[in-house]
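Coordinates as given in entry.txt (compact mmCIF, C-alpha atoms and all ligand atoms):
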# COMPACT_ATOMS: atom_id res chain seq x y z
CA MET B 1 159.03 240.15 106.23
CA PHE B 2 155.30 239.55 106.23
CA LYS B 3 153.59 242.61 107.72
CA LEU B 4 156.35 245.11 108.13
CA ARG B 5 158.76 245.97 105.37
CA PHE B 6 161.59 248.38 105.01
CA LEU B 7 164.15 249.44 102.48
CA THR B 8 167.27 251.56 102.79
CA ALA B 9 169.15 253.50 100.12
CA GLY B 10 172.18 255.71 100.04
CA GLU B 11 175.97 255.45 99.77
CA SER B 12 178.55 255.73 102.53
CA HIS B 13 179.94 259.05 101.23
CA GLY B 14 176.86 260.21 99.35
CA ARG B 15 174.48 262.90 100.56
CA GLY B 16 172.90 260.60 103.15
CA LEU B 17 170.85 257.52 103.93
CA VAL B 18 167.17 257.07 103.21
CA GLY B 19 164.84 254.58 104.86
CA ILE B 20 161.19 253.69 104.34
CA ILE B 21 159.34 251.48 106.80
CA GLU B 22 155.78 250.43 106.09
CA GLY B 23 153.30 248.52 108.23
CA ILE B 24 153.60 250.40 111.52
CA PRO B 25 150.05 250.89 112.87
CA ALA B 26 148.61 254.38 113.39
CA ASN B 27 148.73 256.22 116.72
CA LEU B 28 152.18 255.08 117.78
CA GLU B 29 154.11 257.83 119.55
CA ILE B 30 157.38 258.44 117.68
CA ASN B 31 159.78 261.26 118.36
CA PRO B 32 163.14 261.90 116.72
CA GLU B 33 164.82 261.49 120.13
CA ASP B 34 163.67 257.83 120.25
CA ILE B 35 165.64 257.25 117.05
CA ASP B 36 168.61 259.53 117.79
CA ARG B 37 169.26 257.74 121.06
CA GLU B 38 169.78 254.47 119.16
CA LEU B 39 171.91 256.17 116.51
CA MET B 40 174.15 257.49 119.25
CA ARG B 41 174.48 254.04 120.80
CA ARG B 42 175.59 252.65 117.43
CA GLN B 43 178.22 255.34 116.95
CA ALA B 44 179.82 254.84 120.36
CA GLY B 45 182.25 252.09 121.23
CA PHE B 46 185.98 251.70 121.53
CA GLY B 47 187.74 250.67 118.33
CA ARG B 48 186.02 252.93 115.82
CA GLY B 49 188.08 254.87 113.31
CA GLY B 50 188.31 258.47 112.08
CA ARG B 51 184.94 258.49 110.33
CA MET B 52 182.99 258.42 113.59
CA LYS B 53 184.67 261.68 114.61
CA ILE B 54 183.14 263.27 111.50
CA GLU B 55 179.59 261.92 111.80
CA ALA B 56 177.02 262.82 114.46
CA ASP B 57 173.98 260.94 113.23
CA ARG B 58 170.56 262.55 113.61
CA VAL B 59 167.35 261.45 111.96
CA GLU B 60 165.02 263.68 109.98
CA ILE B 61 161.48 262.32 109.82
CA ILE B 62 160.27 263.14 106.30
CA GLY B 63 156.92 261.35 106.34
CA GLY B 64 154.50 259.12 108.22
CA VAL B 65 154.46 261.02 111.52
CA ARG B 66 152.26 264.00 112.45
CA TRP B 67 152.46 265.74 115.80
CA GLY B 68 154.47 262.89 117.28
CA LEU B 69 152.10 260.13 116.17
CA THR B 70 152.20 257.69 113.28
CA MET B 71 149.30 257.80 110.83
CA GLY B 72 149.51 254.27 109.42
CA SER B 73 151.35 255.56 106.36
CA PRO B 74 154.95 254.60 105.55
CA LEU B 75 157.57 256.38 107.61
CA ALA B 76 160.29 258.03 105.57
CA LEU B 77 163.55 258.78 107.34
CA PHE B 78 166.73 260.60 106.35
CA ILE B 79 170.20 260.69 107.92
CA ARG B 80 172.74 263.12 106.48
CA ASN B 81 176.35 262.06 105.89
CA ARG B 82 178.56 264.86 107.16
CA ASP B 83 181.46 263.37 105.20
CA TRP B 84 179.48 264.22 102.02
CA GLU B 85 181.10 267.67 102.22
CA ASN B 86 184.41 266.01 101.33
CA TRP B 87 182.85 263.95 98.54
CA ARG B 88 180.53 266.42 96.79
CA ARG B 89 182.37 265.98 93.50
CA GLY B 90 183.67 262.43 93.90
CA MET B 91 180.19 261.09 94.76
CA SER B 92 178.12 263.58 92.78
CA PRO B 93 175.16 262.22 90.81
CA ALA B 94 175.97 264.77 88.03
CA ARG B 95 177.58 263.46 84.83
CA GLU B 96 179.75 266.60 84.58
CA GLU B 97 181.70 265.36 87.61
CA ARG B 98 182.54 262.02 86.00
CA GLY B 99 186.21 261.21 86.61
CA SER B 100 186.63 263.76 89.42
CA ALA B 101 187.92 261.07 91.82
CA PRO B 102 190.48 258.42 90.84
CA PRO B 103 189.06 254.88 90.55
CA VAL B 104 189.73 252.29 93.28
CA THR B 105 191.31 249.29 91.56
CA ARG B 106 192.90 247.25 94.37
CA PRO B 107 190.19 244.97 95.87
CA ARG B 108 190.29 244.28 99.62
CA PRO B 109 190.11 240.55 100.40
CA GLY B 110 187.02 239.78 102.48
CA HIS B 111 185.09 242.79 101.19
CA ALA B 112 182.44 242.91 98.45
CA ASP B 113 185.00 244.67 96.24
CA LEU B 114 186.06 241.92 93.83
CA PRO B 115 182.86 239.86 93.46
CA GLY B 116 180.95 243.14 93.30
CA VAL B 117 182.86 244.69 90.37
CA LEU B 118 182.75 241.41 88.46
CA LYS B 119 179.01 240.98 89.06
CA TYR B 120 178.01 244.58 88.27
CA GLY B 121 180.40 245.18 85.37
CA GLN B 122 182.32 247.98 87.14
CA ARG B 123 185.89 249.21 86.72
CA ASP B 124 185.86 251.39 89.86
CA ILE B 125 185.52 249.46 93.12
CA ARG B 126 184.05 252.61 94.71
CA ASN B 127 180.79 251.81 92.90
CA ILE B 128 180.58 248.67 95.04
CA LEU B 129 182.16 249.64 98.36
CA GLU B 130 180.01 252.73 98.80
CA ARG B 131 176.93 250.57 99.24
CA SER B 132 178.47 247.46 100.82
CA SER B 133 179.84 249.71 103.57
CA ALA B 134 178.40 249.25 107.05
CA ARG B 135 177.54 252.95 107.01
CA GLU B 136 174.15 251.71 105.77
CA THR B 137 173.47 250.15 109.17
CA ALA B 138 172.82 253.64 110.58
CA MET B 139 169.50 253.56 108.72
CA ARG B 140 168.76 250.03 109.89
CA VAL B 141 169.20 251.21 113.44
CA ALA B 142 166.82 254.11 112.71
CA VAL B 143 164.03 251.90 111.30
CA GLY B 144 164.78 249.41 114.08
CA ALA B 145 164.14 252.16 116.62
CA VAL B 146 160.63 252.56 115.19
CA ALA B 147 160.02 248.81 115.55
CA ARG B 148 161.41 248.98 119.07
CA ARG B 149 158.89 251.74 119.94
CA LEU B 150 156.06 249.48 118.80
CA LEU B 151 157.35 246.54 120.84
CA GLU B 152 157.68 248.74 123.93
CA GLU B 153 153.93 249.40 123.79
CA PHE B 154 153.46 245.69 124.39
CA GLY B 155 156.09 245.26 127.10
CA ILE B 156 158.71 243.73 124.82
CA ALA B 157 162.27 244.93 125.46
CA VAL B 158 165.31 244.22 123.30
CA GLY B 159 168.88 244.45 124.57
CA GLY B 160 172.32 243.04 124.02
CA PHE B 161 175.99 242.96 124.93
CA VAL B 162 179.37 241.98 123.54
CA THR B 163 180.47 238.48 124.60
CA ALA B 164 183.90 238.28 122.92
CA ILE B 165 186.41 240.39 121.03
CA GLY B 166 189.11 238.39 119.30
CA ASP B 167 190.12 235.68 121.75
CA VAL B 168 189.01 237.63 124.85
CA SER B 169 185.73 236.08 125.85
CA MET B 170 183.12 236.20 128.64
CA GLU B 171 182.26 232.88 130.23
CA ILE B 172 178.51 232.63 129.79
CA GLU B 173 175.94 229.92 129.26
CA PRO B 174 173.04 231.56 127.39
CA SER B 175 170.70 228.71 128.40
CA GLN B 176 171.01 229.72 132.07
CA LEU B 177 170.24 233.40 131.58
CA MET B 178 166.75 234.40 132.66
CA GLU B 179 165.04 237.75 132.10
CA GLU B 180 166.57 239.49 135.13
CA ASP B 181 170.08 238.25 134.24
CA LEU B 182 169.77 239.49 130.68
CA ARG B 183 168.41 242.85 131.76
CA SER B 184 171.17 243.42 134.31
CA LEU B 185 173.92 242.30 131.90
CA SER B 186 172.77 244.70 129.20
CA ALA B 187 172.37 247.53 131.73
CA ALA B 188 176.00 246.99 132.80
CA ALA B 189 177.09 246.83 129.14
CA GLU B 190 175.46 250.20 128.49
CA ALA B 191 178.07 251.83 130.70
CA SER B 192 180.98 250.07 128.98
CA GLU B 193 182.82 251.45 125.95
CA LEU B 194 183.28 247.85 124.80
CA ARG B 195 179.57 247.17 125.47
CA CYS B 196 180.71 244.26 127.66
CA PRO B 197 179.10 243.86 131.11
CA GLU B 198 182.15 242.37 132.87
CA ALA B 199 184.56 245.16 133.77
CA ASP B 200 187.69 242.97 133.85
CA THR B 201 186.84 241.28 130.54
CA ALA B 202 186.09 244.68 129.01
CA ALA B 203 189.51 245.92 130.14
CA ARG B 204 191.19 242.95 128.45
CA MET B 205 189.10 243.55 125.32
CA ARG B 206 190.26 247.16 125.27
CA GLU B 207 193.89 246.01 125.45
CA ALA B 208 193.29 243.59 122.59
CA VAL B 209 191.80 246.39 120.45
CA GLU B 210 194.71 248.69 121.32
CA ARG B 211 197.21 245.98 120.35
CA ALA B 212 195.34 245.44 117.09
CA ALA B 213 195.35 249.18 116.32
CA GLU B 214 199.12 249.28 116.92
CA GLY B 215 199.69 246.18 114.84
CA GLY B 216 197.54 247.49 112.00
CA TYR B 217 195.00 244.66 111.98
CA SER B 218 191.29 244.43 112.78
CA LEU B 219 189.39 242.25 115.27
CA GLY B 220 186.03 240.49 115.21
CA GLY B 221 184.04 239.00 118.04
CA THR B 222 180.68 237.73 119.20
CA PHE B 223 177.65 239.45 120.67
CA LEU B 224 174.39 238.40 122.25
CA VAL B 225 171.01 239.98 121.61
CA TYR B 226 167.86 239.12 123.55
CA ALA B 227 164.22 240.07 123.69
CA VAL B 228 162.13 239.71 126.86
CA GLY B 229 158.38 240.01 127.25
CA VAL B 230 157.88 238.19 123.93
CA PRO B 231 154.51 236.41 124.04
CA VAL B 232 154.09 232.78 123.05
CA GLY B 233 153.03 232.37 119.42
CA LEU B 234 155.26 234.53 117.20
CA GLY B 235 156.49 232.76 114.06
CA SER B 236 155.22 229.41 112.88
CA HIS B 237 156.21 225.79 112.38
CA ILE B 238 154.07 225.45 109.26
CA GLN B 239 156.54 226.73 106.64
CA TRP B 240 160.34 227.13 106.62
CA ASP B 241 160.33 230.85 106.02
CA ARG B 242 157.78 231.58 108.75
CA ARG B 243 159.93 230.09 111.49
CA LEU B 244 160.99 232.82 113.92
CA ASP B 245 164.51 231.41 114.33
CA ALA B 246 164.96 231.30 110.55
CA ARG B 247 163.80 234.90 110.29
CA LEU B 248 166.23 236.01 112.99
CA ALA B 249 169.13 234.12 111.39
CA HIS B 250 168.35 235.78 108.05
CA ALA B 251 168.30 239.21 109.69
CA PHE B 252 171.58 238.67 111.56
CA LEU B 253 173.44 237.27 108.57
CA GLY B 254 172.30 240.36 106.69
CA ILE B 255 174.51 242.49 108.96
CA GLN B 256 177.85 243.31 107.32
CA ALA B 257 180.69 241.00 108.50
CA VAL B 258 178.41 238.60 110.43
CA LYS B 259 179.41 235.06 109.52
CA GLY B 260 177.69 232.94 112.17
CA VAL B 261 174.46 232.90 114.19
CA GLU B 262 173.18 230.66 116.95
CA ILE B 263 169.87 230.61 118.77
CA GLY B 264 169.92 229.83 122.49
CA GLY B 265 172.36 226.99 123.20
CA GLY B 266 173.24 226.83 119.50
CA PHE B 267 176.38 224.87 118.62
CA GLU B 268 176.95 223.82 122.23
CA MET B 269 173.67 221.83 122.18
CA SER B 270 175.03 219.68 119.37
CA ARG B 271 177.80 218.43 121.67
CA ARG B 272 175.56 217.41 124.59
CA PRO B 273 173.10 214.50 125.07
CA GLY B 274 169.45 215.30 124.45
CA ALA B 275 168.42 214.95 128.07
CA GLU B 276 170.70 217.84 129.03
CA VAL B 277 169.56 220.42 126.52
CA MET B 278 165.77 220.33 126.43
CA ASP B 279 163.94 222.87 128.53
CA GLU B 280 161.65 220.77 130.70
CA ILE B 281 158.13 222.06 131.24
CA PHE B 282 156.74 222.86 134.70
CA PRO B 283 153.45 224.36 135.91
CA ALA B 284 153.81 228.10 136.56
CA SER B 285 154.02 229.10 140.22
CA THR B 286 150.84 231.16 139.75
CA GLY B 287 148.95 227.91 139.12
CA ARG B 288 148.07 228.97 135.56
CA GLY B 289 150.24 228.32 132.55
CA PHE B 290 153.72 226.87 132.19
CA THR B 291 157.31 227.69 132.99
CA ARG B 292 160.88 226.54 132.21
CA LYS B 293 163.97 226.55 134.37
CA THR B 294 166.42 226.65 131.47
CA ASN B 295 166.43 228.29 128.05
CA HIS B 296 168.54 226.15 125.73
CA SER B 297 166.06 226.73 122.94
CA GLY B 298 166.55 230.50 123.16
CA GLY B 299 162.83 231.15 123.50
CA ILE B 300 161.91 229.40 120.25
CA GLU B 301 160.59 225.87 119.77
CA GLY B 302 159.49 224.61 116.35
CA GLY B 303 159.98 228.10 114.97
CA ILE B 304 157.44 229.55 117.45
CA SER B 305 158.23 231.82 120.39
CA ASN B 306 157.48 230.00 123.66
CA GLY B 307 157.36 232.94 126.07
CA MET B 308 160.95 232.59 127.30
CA PRO B 309 163.56 235.23 126.42
CA VAL B 310 164.55 235.11 122.76
CA VAL B 311 168.34 234.78 122.70
CA VAL B 312 170.54 235.10 119.62
CA ARG B 313 174.30 235.10 119.40
CA ALA B 314 176.22 236.22 116.35
CA ALA B 315 179.85 236.04 115.26
CA MET B 316 181.38 238.96 113.40
CA LYS B 317 184.56 238.44 111.40
CA PRO B 318 187.36 241.02 111.62
CA ILE B 319 186.73 244.01 109.34
CA PRO B 320 188.44 243.37 105.98
CA THR B 321 189.94 246.88 105.71
CA GLN B 322 193.12 247.08 107.75
CA ARG B 323 196.32 249.02 107.81
CA ARG B 324 198.49 245.90 107.63
CA PRO B 325 198.52 245.27 103.87
CA LEU B 326 196.89 242.19 102.40
CA ARG B 327 197.90 240.78 99.04
CA SER B 328 195.59 241.49 96.16
CA VAL B 329 195.51 241.92 92.40
CA ASP B 330 194.93 245.26 90.63
CA ILE B 331 191.81 244.87 88.48
CA GLU B 332 193.22 247.20 85.79
CA THR B 333 196.81 245.97 85.49
CA GLY B 334 196.41 242.38 86.72
CA GLY B 335 199.58 242.92 88.75
CA THR B 336 200.10 241.77 92.34
CA VAL B 337 199.55 244.71 94.71
CA GLU B 338 198.67 245.55 98.28
CA ALA B 339 194.92 246.04 98.92
CA ALA B 340 193.63 249.62 99.14
CA TYR B 341 193.66 251.30 102.57
CA GLU B 342 192.59 254.79 103.60
CA ARG B 343 191.22 254.58 107.14
CA SER B 344 189.03 252.08 108.94
CA ASP B 345 187.59 250.90 112.21
CA VAL B 346 189.74 248.43 114.15
CA CYS B 347 186.78 246.73 115.82
CA ALA B 348 183.06 247.34 115.38
CA VAL B 349 181.58 244.55 117.51
CA PRO B 350 180.03 247.01 120.05
CA ALA B 351 178.27 248.76 117.13
CA ALA B 352 177.20 245.43 115.62
CA THR B 353 175.42 244.64 118.91
CA VAL B 354 173.22 247.72 118.50
CA ILE B 355 172.56 246.77 114.87
CA GLY B 356 171.65 243.22 116.00
CA GLU B 357 169.18 244.71 118.47
CA ALA B 358 167.63 246.79 115.67
CA MET B 359 167.30 243.77 113.38
CA THR B 360 165.79 241.72 116.23
CA ALA B 361 163.25 244.47 116.90
CA LEU B 362 162.31 244.54 113.20
CA VAL B 363 161.87 240.76 112.99
CA LEU B 364 159.84 240.61 116.21
CA ALA B 365 157.66 243.60 115.28
CA ASP B 366 156.95 241.93 111.93
CA ALA B 367 156.03 238.63 113.60
CA PHE B 368 153.99 240.47 116.24
CA LEU B 369 151.95 242.29 113.58
CA GLU B 370 151.59 239.08 111.61
CA LYS B 371 150.03 237.44 114.68
CA PHE B 372 147.96 240.34 116.02
CA GLY B 373 147.41 242.63 113.03
CA GLY B 374 145.68 245.96 113.53
CA ASP B 375 145.77 249.25 111.66
CA SER B 376 145.97 251.30 114.85
CA VAL B 377 147.86 250.59 118.04
CA GLU B 378 144.49 250.35 119.82
CA GLU B 379 143.29 247.64 117.45
CA THR B 380 146.56 245.71 117.78
CA ARG B 381 146.18 245.96 121.55
CA ARG B 382 142.63 244.57 121.52
CA ASN B 383 143.78 241.63 119.43
CA TYR B 384 146.82 241.05 121.62
CA GLU B 385 144.85 241.16 124.86
CA GLY B 386 142.17 238.91 123.41
CA PHE B 387 144.81 236.29 122.56
CA LEU B 388 146.39 236.48 126.03
CA LYS B 389 142.97 235.99 127.60
CA SER B 390 142.33 232.93 125.43
CA LEU B 391 145.48 231.10 126.58
C1 LIG B 401 183.19 251.28 106.63
C2 LIG B 401 184.37 252.05 106.63
C3 LIG B 401 184.52 253.23 107.51
C4 LIG B 401 183.57 253.08 108.69
C5 LIG B 401 182.19 252.90 108.13
C6 LIG B 401 182.07 251.55 107.53
O1 LIG B 401 184.13 254.41 106.86
P1 LIG B 401 185.14 255.28 105.98
O2 LIG B 401 185.43 254.44 104.76
O3 LIG B 401 184.40 256.53 105.64
O4 LIG B 401 186.34 255.52 106.84
O5 LIG B 401 183.68 254.16 109.58
O6 LIG B 401 181.22 253.02 109.12
C7 LIG B 401 180.44 254.13 109.15
C8 LIG B 401 180.64 255.20 108.40
C9 LIG B 401 179.35 254.04 110.11
O7 LIG B 401 178.55 254.96 110.19
O8 LIG B 401 179.28 252.98 110.77
C10 LIG B 401 183.05 250.14 105.70
O9 LIG B 401 183.83 250.04 104.75
O10 LIG B 401 182.17 249.29 105.92

Write-out of the structure in structure tokens:
Amino acid sequence: MFKLRFLTAGESHGRGLVGIIEGIPANLEINPEDIDRELMRRQAGFGRGGRMKIEADRVEIIGGVRWGLTMGSPLALFIRNRDWENWRRGMSPAREERGSAPPVTRPRPGHADLPGVLKYGQRDIRNILERSSARETAMRVAVGAVARRLLEEFGIAVGGFVTAIGDVSMEIEPSQLMEEDLRSLSAAAEASELRCPEADTAARMREAVERAAEGGYSLGGTFLVYAVGVPVGLGSHIQWDRRLDARLAHAFLGIQAVKGVEIGGGFEMSRRPGAEVMDEIFPASTGRGFTRKTNHSGGIEGGISNGMPVVVRAAMKPIPTQRRPLRSVDIETGGTVEAAYERSDVCAVPAATVIGEAMTALVLADAFLEKFGGDSVEETRRNYEGFLKSL
């Protein structure tokens, strides 16, 4: 990230999650409700396990905001883990508690467990899984909500919806979706417990998740995230790591269990002749500027936003923890065992969509501030409006 940076800390069953986000200009209105709304969206969704019945995520703003406005200083956020009550000794920072919980020694295939213990010289897998856990994404959603607030000031809206769970899939062509389509699809998804805008597809997804829960296995899926109102000119062609699509791909692959990302037409474009998948350029109906009738490029050409909706799709693998036992090897005994299982989500694709939105907001806010700068929202606005006028 170039202008905006954030870090998170905290373990899944520790006291809570900490986040620091720096680079947000002064005079941005931020209220805890803006963040809590997003935290609630992440926690909802059919297919979640017992843990979500324990947690009710709320943010505490520890720094960077005074009387509902940012001051240009870093924002410090805190989210308590309610489950900490059950782990006070087992996850205590105090050395006197050492050994108060038995070590986890049966690595789950697909999780960070085995490579993590080998890399960090650990004999208790808990020292890895506590941080690799997707619990951490609660804080990403919180810092993402701050980025989203900034984007809103400039008419940029981020949304998303689930496009597939397991082999139950919506039939959509992202290249044909314009701003109104995207907005109405995500509005419909908001009312769905699968976060899928098509009621009949959502019903089949629900059945698939129910079957998986009965069978003791987990399910992955795909989700689409978009941003509308994005001005031309975010990101750059001049260096690989400044490209907006590269920055989005990085952010999406940084979400736990995401194994694939495509921008706009993505993999489908590779199967079609060139003439079919470029977004031809037309004069805008207003007589000034340009327009496109398709969006295969997902709003990004040469690593630069082109004014069309930014569209990203991501594929999430099934969650590695599942009731149906997987074969593994005990790291203490070397013997063949079944991987550890306590409880888990069956499917977290609806939650991943909200996390994808947060990561998109963070990447776009960073690129926006890189382009327009400003230490106060007013200054950013002057720069932004000046650029629009110059086009
Ligand atoms: C997770 C395992 C489950 C999930 C958790 C992520 O937690 P637990 O091990 O406590 O049952 O519920 O997700 C969250 C806590 C959350 O807030 O999303 C994992 O191993 O990644």

Show me, as lines of an AutoDock Vina configuration file, the centre and edge lengths in Å to one decimal of the axis-aligned box that covers every listed atom of ligand LIG 401 (chain B) with 5 Å on each side.
center_x = 182.4
center_y = 252.9
center_z = 107.8
size_x = 17.8
size_y = 17.2
size_z = 16.0

Legend entry - One-decimal distance in Å that lies between atom CA of B:Gly254 and atom CA of B:Met71: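 Atom CA of B:Gly254 lies at a distance of 29.2 Å from atom CA of B:Met71.
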
What are the nearest atom pairs, with distances in Å to one decimal, for all residues of chain B that come at most 6 Å from ligand LIG 401 (chain B), using only C-alpha atoms and all ligand atoms, set out by chain and rising residue number as a tab-separated table?
residue	atom	partner	partner_atom	distance
B:Gly49	CA	B:LIG401	O5	5.8
B:Arg51	CA	B:LIG401	O5	4.6
B:Met52	CA	B:LIG401	O5	5.9
B:Ser133	CA	B:LIG401	O10	3.3
B:Ala134	CA	B:LIG401	O10	3.9
B:Arg135	CA	B:LIG401	C9	3.8
B:Ala138	CA	B:LIG401	O7	5.9
B:Arg343	CA	B:LIG401	O4	5.0
B:Ser344	CA	B:LIG401	O4	4.8
B:Asp345	CA	B:LIG401	O5	5.7

Legend entry - Long-range neighbours of B:Glu262 as a PyMOL selection string, 8 Å cut-off, only C-alpha atoms, 4 positions minimum in chain: chain B and resi 249+266-267+312-314

Inset, instruction - Return the single residue from B:Gly144, B:Gly16, B:Pro115, B:Gly374 that is closest to B:Glu38, with distances computed using all atoms listed in the file. - result: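 Among the listed residues, the smallest separation from B:Glu38 belongs to B:Gly144.
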
Inset, instruction - For a cut-off of 8 Å around (177.7, 233.4, 111.2), file coordinates, pick out all residues using only C-alpha atoms and list them as a PyMOL selection string. - result: chain B and resi 253+258-262+314-316

Inset, instruction - Go ahead and compute the interatomic distance for atom CA of B:Glu33 and atom CA of B:Trp67, in Å to one decimal. - result: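 Atom CA of B:Trp67 lies 13.8 Å from atom CA of B:Glu33.
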
Inset, instruction - Tell me, as a list in words, which residues lie within 6 Å of stretch 190-201 of chain B, counting all atoms listed in the file; anything in the same chain fewer than 5 positions away does not count. - result: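 With the cut-off at 6 Å, the set is Gly45, Phe46, Phe161, Val162, Leu185 and Pro350 of chain B.
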
Inset, instruction - Between atom CA of B:Asp366 and atom CA of B:Val232, measure the distance and give it in Å to one decimal. - result: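 Separation of atom CA of B:Asp366 and atom CA of B:Val232: 14.7 Å.
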
Within 7 Å of (189.4, 252.0, 120.7) (coordinates as in the file), grab all the protein and nucleic acid residues, counting all atoms listed in the file, and write them out as a PDB file with C-alpha atoms, in the coordinates of the input.
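out_15.pdb was written with the following content:
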ATOM      1  CA  PHE B  46     185.980 251.700 121.530  1.00  0.00           C
ATOM      2  CA  GLY B  47     187.740 250.670 118.330  1.00  0.00           C
ATOM      3  CA  ARG B  48     186.020 252.930 115.820  1.00  0.00           C
ATOM      4  CA  ARG B 206     190.260 247.160 125.270  1.00  0.00           C
ATOM      5  CA  VAL B 209     191.800 246.390 120.450  1.00  0.00           C
ATOM      6  CA  GLU B 210     194.710 248.690 121.320  1.00  0.00           C
TER       7      GLU B 210
END

Inset, instruction - Select, from B:Ala9, B:Ala26, B:Ala189, B:Ile54, the residue with the minimum atom-to-atom distance to B:Arg381, counting all atoms listed in the file. - result: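 For B:Arg381, the nearest of the given residues is B:Ala26.
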
With a cut-off of 10 Å, could you pull out the residues of stretch 109-207 of chain B touching stretch 327-333 of chain B and give me the nearest pair of atoms for each, distance in Å to one decimal, using all atoms listed in the file, ordered by chain and ascending number, as CSV?
residue,atom,partner,partner_atom,distance
B:Pro109,CA,B:Ser328,CA,7.0
B:Leu114,CA,B:Ile331,CA,8.4
B:Val117,CA,B:Ile331,CA,9.1
B:Leu118,CA,B:Ile331,CA,9.7
B:Arg123,CA,B:Ile331,CA,7.5
B:Asp124,CA,B:Ile331,CA,8.9
B:Ile125,CA,B:Ile331,CA,9.1

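Residue nearest B:Asn383 within the list B:Phe6, B:Tyr120, B:Phe78, B:Phe154: B:Phe154 [criterion: smallest interatomic distance, only C-alpha atoms].
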
Legend entry - Selection near stretch 357-359 of chain B, 8 Å with only C-alpha atoms, sequence-local residues under 6 positions removed, as a VMD selection string: chain B and resid 140 to 145 147 to 148 158 to 160 225 to 226 248 251 to 252

Inset, instruction - Rank nothing, just name the residue among B:Pro320, B:Gly289, B:Gly14, B:Pro231 nearest to B:Ala157, using only C-alpha atoms. - result: B:Pro231

When you get a chance, write out N, CA and C atoms for stretch 42-54 of chain B, as a compact mmCIF listing (two decimals), keeping the file's coordinate frame.
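The resulting file, selection.txt, is reproduced below:
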# COMPACT_ATOMS: atom_id res chain seq x y z
N ARG B 42 174.86 253.34 118.50
CA ARG B 42 175.59 252.65 117.43
C ARG B 42 176.93 253.31 117.16
N GLN B 43 176.98 254.63 117.28
CA GLN B 43 178.22 255.34 116.95
C GLN B 43 179.29 255.22 118.02
N ALA B 44 178.86 254.91 119.25
CA ALA B 44 179.82 254.84 120.36
C ALA B 44 180.61 253.53 120.27
N GLY B 45 181.53 253.36 121.17
CA GLY B 45 182.25 252.09 121.23
C GLY B 45 183.71 252.27 120.91
N PHE B 46 184.54 251.63 121.71
CA PHE B 46 185.98 251.70 121.53
C PHE B 46 186.38 250.88 120.31
N GLY B 47 187.26 251.43 119.48
CA GLY B 47 187.74 250.67 118.33
C GLY B 47 187.30 251.25 116.99
N ARG B 48 186.48 252.32 117.05
CA ARG B 48 186.02 252.93 115.82
C ARG B 48 187.11 253.86 115.25
N GLY B 49 187.03 254.09 113.97
CA GLY B 49 188.08 254.87 113.31
C GLY B 49 187.75 256.35 113.17
N GLY B 50 188.43 257.02 112.25
CA GLY B 50 188.31 258.47 112.08
C GLY B 50 186.94 258.93 111.63
N ARG B 51 186.23 258.07 110.90
CA ARG B 51 184.94 258.49 110.33
C ARG B 51 183.94 258.87 111.43
N MET B 52 183.97 258.14 112.54
CA MET B 52 182.99 258.42 113.59
C MET B 52 183.23 259.76 114.28
N LYS B 53 184.42 260.33 114.06
CA LYS B 53 184.67 261.68 114.61
C LYS B 53 184.02 262.73 113.70
N ILE B 54 183.76 262.33 112.45
CA ILE B 54 183.14 263.27 111.50
C ILE B 54 181.62 263.25 111.65
